[in-house]
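Down below is the structure, laid out as structure tokens.
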Amino acid sequence: MDPCVLVEKVDGVGIVNTGAGTRAFSAGGDIHEQREDDRRYAQAELDTRNAVRSRGSYEISASPKPTIGMINGLAYGGAAVLASSLDMRVGCEHASFRFLAAAYGRINSTWTLPNQVGWPVAKELLFSARVVEAEEAQRIGLLNHLVPCAELRSKTMWLATMIAKNNRSSVMGVKALLLEDMGRTLEEQWTNERNYTTKVRGAKAEAAFPEFIARRGRPPSS
């Protein structure tokens with residue numbers, strides 16, 4: 001999981017994920033680390049390391065406990081994958097999403113995003129890699145609730161507390177049944193994506209992020 005993501009457990013029933021600070025929910029993957037890995041490791045080693053990295057979003061989705069995202073800023077790239085792996089999301093006006101894989105010559109979120117917003121919307125967001133601002137995110141179901149930033153924590157903890165007040169076995173049983181009833185299991189969907197992207201490998205960091213690397217990580221000029 002990205003080091004900028006904070007995890008908070010609620011009465012042993014739910015898990016709340018949020019970003020450190022006020023700018024971003026998560027910074028996503030470390031591009032410089034990926035670039036170094038591309039240079040350091042053989043392809044077979046890279047496939048193994050990438051599988052381990054992406055396994056994190058599966059483990060979050062498959063968690064028997066409900067998971068809530070407190071989306072306090074932008075969630076782009078790997079952060080959008082993480083956000084779409086959660087059961088629910090509460091956001092403020094600074095929240096925004098961008099599923100960037102297609103822009104970078106990669107593939108992800110094929111097994112997470114459709115389960116949140118449905119196939120037609122998921123296809124648009126994955127094919128276009130466009131920004132989804134907070135109001136649209138709520139309208140399409142990517143955000144369960146949209147509140148002013150000053151109320152974000154209280155609204156998120158209200159939802160978490162409502163869940164925590166219920167019978168733990170029942171809540172976890174509901175989630176288990178929902179996952180089982182998706183047609184394919186969550187792990188089968190994740191495995192299908194991993195198998196495909198191992199055979200049709202995505203772009204390496206040098207090719208995927210040339211502008212970012214040229215800026216040396218600095219924000220783009222306006």
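Simple scheme: letters A, B, ... for chains in structure tokens order, numbers from 1 for residues in each chain, numbers from 1 for ligands in the order shown.
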
Can you list, as number ranges by chain, every protein, DNA or RNA residue that comes within 12 Å of Pro148 of chain A when you count only C-alpha atoms, leaving out same-chain residues fewer than 2 positions away? A: 71-73, 90-95, 134-135, 145-146, 150-156

Can I get the selection written as a PDB file, in the first residue's frame, with N, CA and C atoms?
ATOM      1  N   ILE A  71     -11.917  10.105   0.919  1.00  0.00           N
ATOM      2  CA  ILE A  71     -11.206  10.659  -0.235  1.00  0.00           C
ATOM      3  C   ILE A  71     -11.039  12.164  -0.053  1.00  0.00           C
ATOM      4  N   ASN A  72      -9.870  12.551   0.413  1.00  0.00           N
ATOM      5  CA  ASN A  72      -9.610  13.939   0.793  1.00  0.00           C
ATOM      6  C   ASN A  72      -8.860  14.730  -0.273  1.00  0.00           C
ATOM      7  N   GLY A  73      -8.687  14.149  -1.456  1.00  0.00           N
ATOM      8  CA  GLY A  73      -7.962  14.841  -2.518  1.00  0.00           C
ATOM      9  C   GLY A  73      -7.955  13.973  -3.761  1.00  0.00           C
ATOM     10  N   VAL A  90     -16.260   8.084   0.707  1.00  0.00           N
ATOM     11  CA  VAL A  90     -16.842   9.375   1.086  1.00  0.00           C
ATOM     12  C   VAL A  90     -15.834  10.432   0.665  1.00  0.00           C
ATOM     13  N   GLY A  91     -16.285  11.442  -0.079  1.00  0.00           N
ATOM     14  CA  GLY A  91     -15.359  12.439  -0.588  1.00  0.00           C
ATOM     15  C   GLY A  91     -15.783  13.853  -0.293  1.00  0.00           C
ATOM     16  N   CYS A  92     -14.843  14.780  -0.455  1.00  0.00           N
ATOM     17  CA  CYS A  92     -15.132  16.208  -0.321  1.00  0.00           C
ATOM     18  C   CYS A  92     -14.913  16.867  -1.673  1.00  0.00           C
ATOM     19  N   GLU A  93     -15.069  18.184  -1.731  1.00  0.00           N
ATOM     20  CA  GLU A  93     -15.006  18.882  -3.016  1.00  0.00           C
ATOM     21  C   GLU A  93     -13.638  18.782  -3.691  1.00  0.00           C
ATOM     22  N   HIS A  94     -12.599  18.451  -2.930  1.00  0.00           N
ATOM     23  CA  HIS A  94     -11.261  18.304  -3.512  1.00  0.00           C
ATOM     24  C   HIS A  94     -11.023  16.929  -4.109  1.00  0.00           C
ATOM     25  N   ALA A  95     -11.957  16.011  -3.926  1.00  0.00           N
ATOM     26  CA  ALA A  95     -11.779  14.655  -4.428  1.00  0.00           C
ATOM     27  C   ALA A  95     -11.866  14.621  -5.952  1.00  0.00           C
ATOM     28  N   ALA A 134     -15.415  15.622  -8.297  1.00  0.00           N
ATOM     29  CA  ALA A 134     -16.175  15.114  -7.160  1.00  0.00           C
ATOM     30  C   ALA A 134     -17.669  14.958  -7.442  1.00  0.00           C
ATOM     31  N   GLU A 135     -18.297  15.975  -8.046  1.00  0.00           N
ATOM     32  CA  GLU A 135     -19.747  15.904  -8.269  1.00  0.00           C
ATOM     33  C   GLU A 135     -20.110  14.771  -9.217  1.00  0.00           C
ATOM     34  N   HIS A 145     -20.959   9.358  -0.773  1.00  0.00           N
ATOM     35  CA  HIS A 145     -21.371  10.627  -0.176  1.00  0.00           C
ATOM     36  C   HIS A 145     -20.365  11.701  -0.566  1.00  0.00           C
ATOM     37  N   LEU A 146     -20.851  12.913  -0.792  1.00  0.00           N
ATOM     38  CA  LEU A 146     -20.016  14.070  -1.085  1.00  0.00           C
ATOM     39  C   LEU A 146     -20.376  15.172  -0.109  1.00  0.00           C
ATOM     40  N   ALA A 150     -14.595  20.182   5.393  1.00  0.00           N
ATOM     41  CA  ALA A 150     -14.613  20.330   6.848  1.00  0.00           C
ATOM     42  C   ALA A 150     -15.450  19.237   7.512  1.00  0.00           C
ATOM     43  N   GLU A 151     -16.356  18.623   6.750  1.00  0.00           N
ATOM     44  CA  GLU A 151     -17.238  17.597   7.304  1.00  0.00           C
ATOM     45  C   GLU A 151     -16.833  16.180   6.887  1.00  0.00           C
ATOM     46  N   LEU A 152     -15.719  16.055   6.160  1.00  0.00           N
ATOM     47  CA  LEU A 152     -15.361  14.761   5.577  1.00  0.00           C
ATOM     48  C   LEU A 152     -15.135  13.692   6.635  1.00  0.00           C
ATOM     49  N   ARG A 153     -14.346  14.012   7.638  1.00  0.00           N
ATOM     50  CA  ARG A 153     -14.055  12.997   8.652  1.00  0.00           C
ATOM     51  C   ARG A 153     -15.309  12.608   9.431  1.00  0.00           C
ATOM     52  N   SER A 154     -16.094  13.594   9.821  1.00  0.00           N
ATOM     53  CA  SER A 154     -17.284  13.274  10.616  1.00  0.00           C
ATOM     54  C   SER A 154     -18.269  12.429   9.815  1.00  0.00           C
ATOM     55  N   LYS A 155     -18.437  12.727   8.528  1.00  0.00           N
ATOM     56  CA  LYS A 155     -19.351  11.944   7.694  1.00  0.00           C
ATOM     57  C   LYS A 155     -18.834  10.519   7.514  1.00  0.00           C
ATOM     58  N   THR A 156     -17.527  10.400   7.287  1.00  0.00           N
ATOM     59  CA  THR A 156     -16.943   9.068   7.105  1.00  0.00           C
ATOM     60  C   THR A 156     -17.085   8.238   8.368  1.00  0.00           C
TER      61      THR A 156
END

Pull the strand (DSSP E) assignments for chain A out of DSSP run on the backbone, and list those residues as a PyMOL selection string. chain A and resi 5-10+14-19+24-26+67-71+74-76+88-91+96-98+131-133+145-146

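Remark: for Thr185 of chain A, the closest of the candidate residues A:Ser96, A:Thr22, A:Asn115, A:Asn17 is A:Asn115 (distances computed over only C-alpha atoms).
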
List the spatial neighbours of Ser57 of chain A as an MDAnalysis selection string - criterion: any atom at most 9 Å away, only C-alpha atoms, same-chain residues fewer than 4 positions off excluded. chainID A and resid 1 53 61:62 81:86 112

Please report, as a tab-separated table, each residue of segment 30-128 of chain A lying at most 9 Å from segment 158-178 of chain A, together with the nearest pair of atoms and the separation in Å rounded to one decimal; use only C-alpha atoms, and order rows by chain and ascending residue number.
residue	atom	partner	partner_atom	distance
A:Ala62	CA	A:Ala176	CA	8.5
A:Pro64	CA	A:Met172	CA	5.7
A:Lys65	CA	A:Met172	CA	5.9
A:Pro66	CA	A:Met172	CA	7.3
A:Thr67	CA	A:Ala160	CA	8.8
A:Ile68	CA	A:Ala160	CA	7.5
A:Val90	CA	A:Leu159	CA	8.9

Give me a file of those residues, with N, CA, C and O atoms, as a PDB file, in the first residue's frame.
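The resulting file, part.pdb, is reproduced below:
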ATOM      1  N   ALA A  62     -10.885  -8.085  -1.064  1.00  0.00           N
ATOM      2  CA  ALA A  62     -11.334  -9.357  -0.512  1.00  0.00           C
ATOM      3  C   ALA A  62     -11.369  -9.365   1.008  1.00  0.00           C
ATOM      4  O   ALA A  62     -11.761 -10.371   1.608  1.00  0.00           O
ATOM      5  N   PRO A  64     -12.513  -9.429   4.602  1.00  0.00           N
ATOM      6  CA  PRO A  64     -13.842  -9.773   5.118  1.00  0.00           C
ATOM      7  C   PRO A  64     -14.528  -8.601   5.813  1.00  0.00           C
ATOM      8  O   PRO A  64     -15.752  -8.603   5.973  1.00  0.00           O
ATOM      9  N   LYS A  65     -13.765  -7.603   6.199  1.00  0.00           N
ATOM     10  CA  LYS A  65     -14.328  -6.434   6.862  1.00  0.00           C
ATOM     11  C   LYS A  65     -14.661  -5.351   5.833  1.00  0.00           C
ATOM     12  O   LYS A  65     -13.953  -5.190   4.848  1.00  0.00           O
ATOM     13  N   PRO A  66     -15.733  -4.589   6.052  1.00  0.00           N
ATOM     14  CA  PRO A  66     -16.043  -3.472   5.165  1.00  0.00           C
ATOM     15  C   PRO A  66     -14.913  -2.442   5.149  1.00  0.00           C
ATOM     16  O   PRO A  66     -14.296  -2.167   6.182  1.00  0.00           O
ATOM     17  N   THR A  67     -14.645  -1.890   3.987  1.00  0.00           N
ATOM     18  CA  THR A  67     -13.592  -0.884   3.839  1.00  0.00           C
ATOM     19  C   THR A  67     -14.197   0.399   3.282  1.00  0.00           C
ATOM     20  O   THR A  67     -15.020   0.364   2.374  1.00  0.00           O
ATOM     21  N   ILE A  68     -13.778   1.520   3.837  1.00  0.00           N
ATOM     22  CA  ILE A  68     -14.290   2.833   3.443  1.00  0.00           C
ATOM     23  C   ILE A  68     -13.119   3.734   3.084  1.00  0.00           C
ATOM     24  O   ILE A  68     -12.125   3.800   3.816  1.00  0.00           O
ATOM     25  N   VAL A  90     -16.260   8.084   0.707  1.00  0.00           N
ATOM     26  CA  VAL A  90     -16.842   9.375   1.086  1.00  0.00           C
ATOM     27  C   VAL A  90     -15.834  10.432   0.665  1.00  0.00           C
ATOM     28  O   VAL A  90     -14.644  10.328   0.993  1.00  0.00           O
TER      29      VAL A  90
END

Between A:Ala205, A:Leu100, A:Ala80, A:Ala51, which one has atoms that come closest to Arg35 of chain A, using only C-alpha atoms? A:Ala205

Separation of atom CA of Tyr196 of chain A and atom CA of Val117 of chain A, in Å? 22.6 Å

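Using only C-alpha atoms, the smallest distance between any of A:Thr48, A:Ser63, A:Gln138, A:Gln43 and Phe97 of chain A comes from A:Gln138.
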
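The space separating atom CA of Gly141 of chain A from atom CA of Glu187 of chain A comes to 22.7 Å.
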
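The space between atom CA of Gly19 of chain A and atom CA of Ala79 of chain A spans 10.0 Å.
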
Members of segment 4-159 of chain A assigned helix (DSSP H, G or I) by DSSP, as a ChimeraX atom specification: /A:31-40,43-61,78-84,101-104,113-117,119-128,134-140,149-159

Best match for closeness to Glu45 of chain A among A:Ile213, A:Thr198, A:Glu124, A:Ile107, counting only C-alpha atoms: A:Thr198

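Minimum atom-to-atom distances from A:Phe99, A:Ala20, A:Ser128, A:Thr110 to Glu188 of chain A were compared using only C-alpha atoms, and the lowest value belongs to A:Thr110.
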
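Candidate residues A:Ala24, A:Phe127, A:Leu142, A:Arg40 were compared for distance to Gly105 of chain A, and the nearest is A:Phe127, using only C-alpha atoms.
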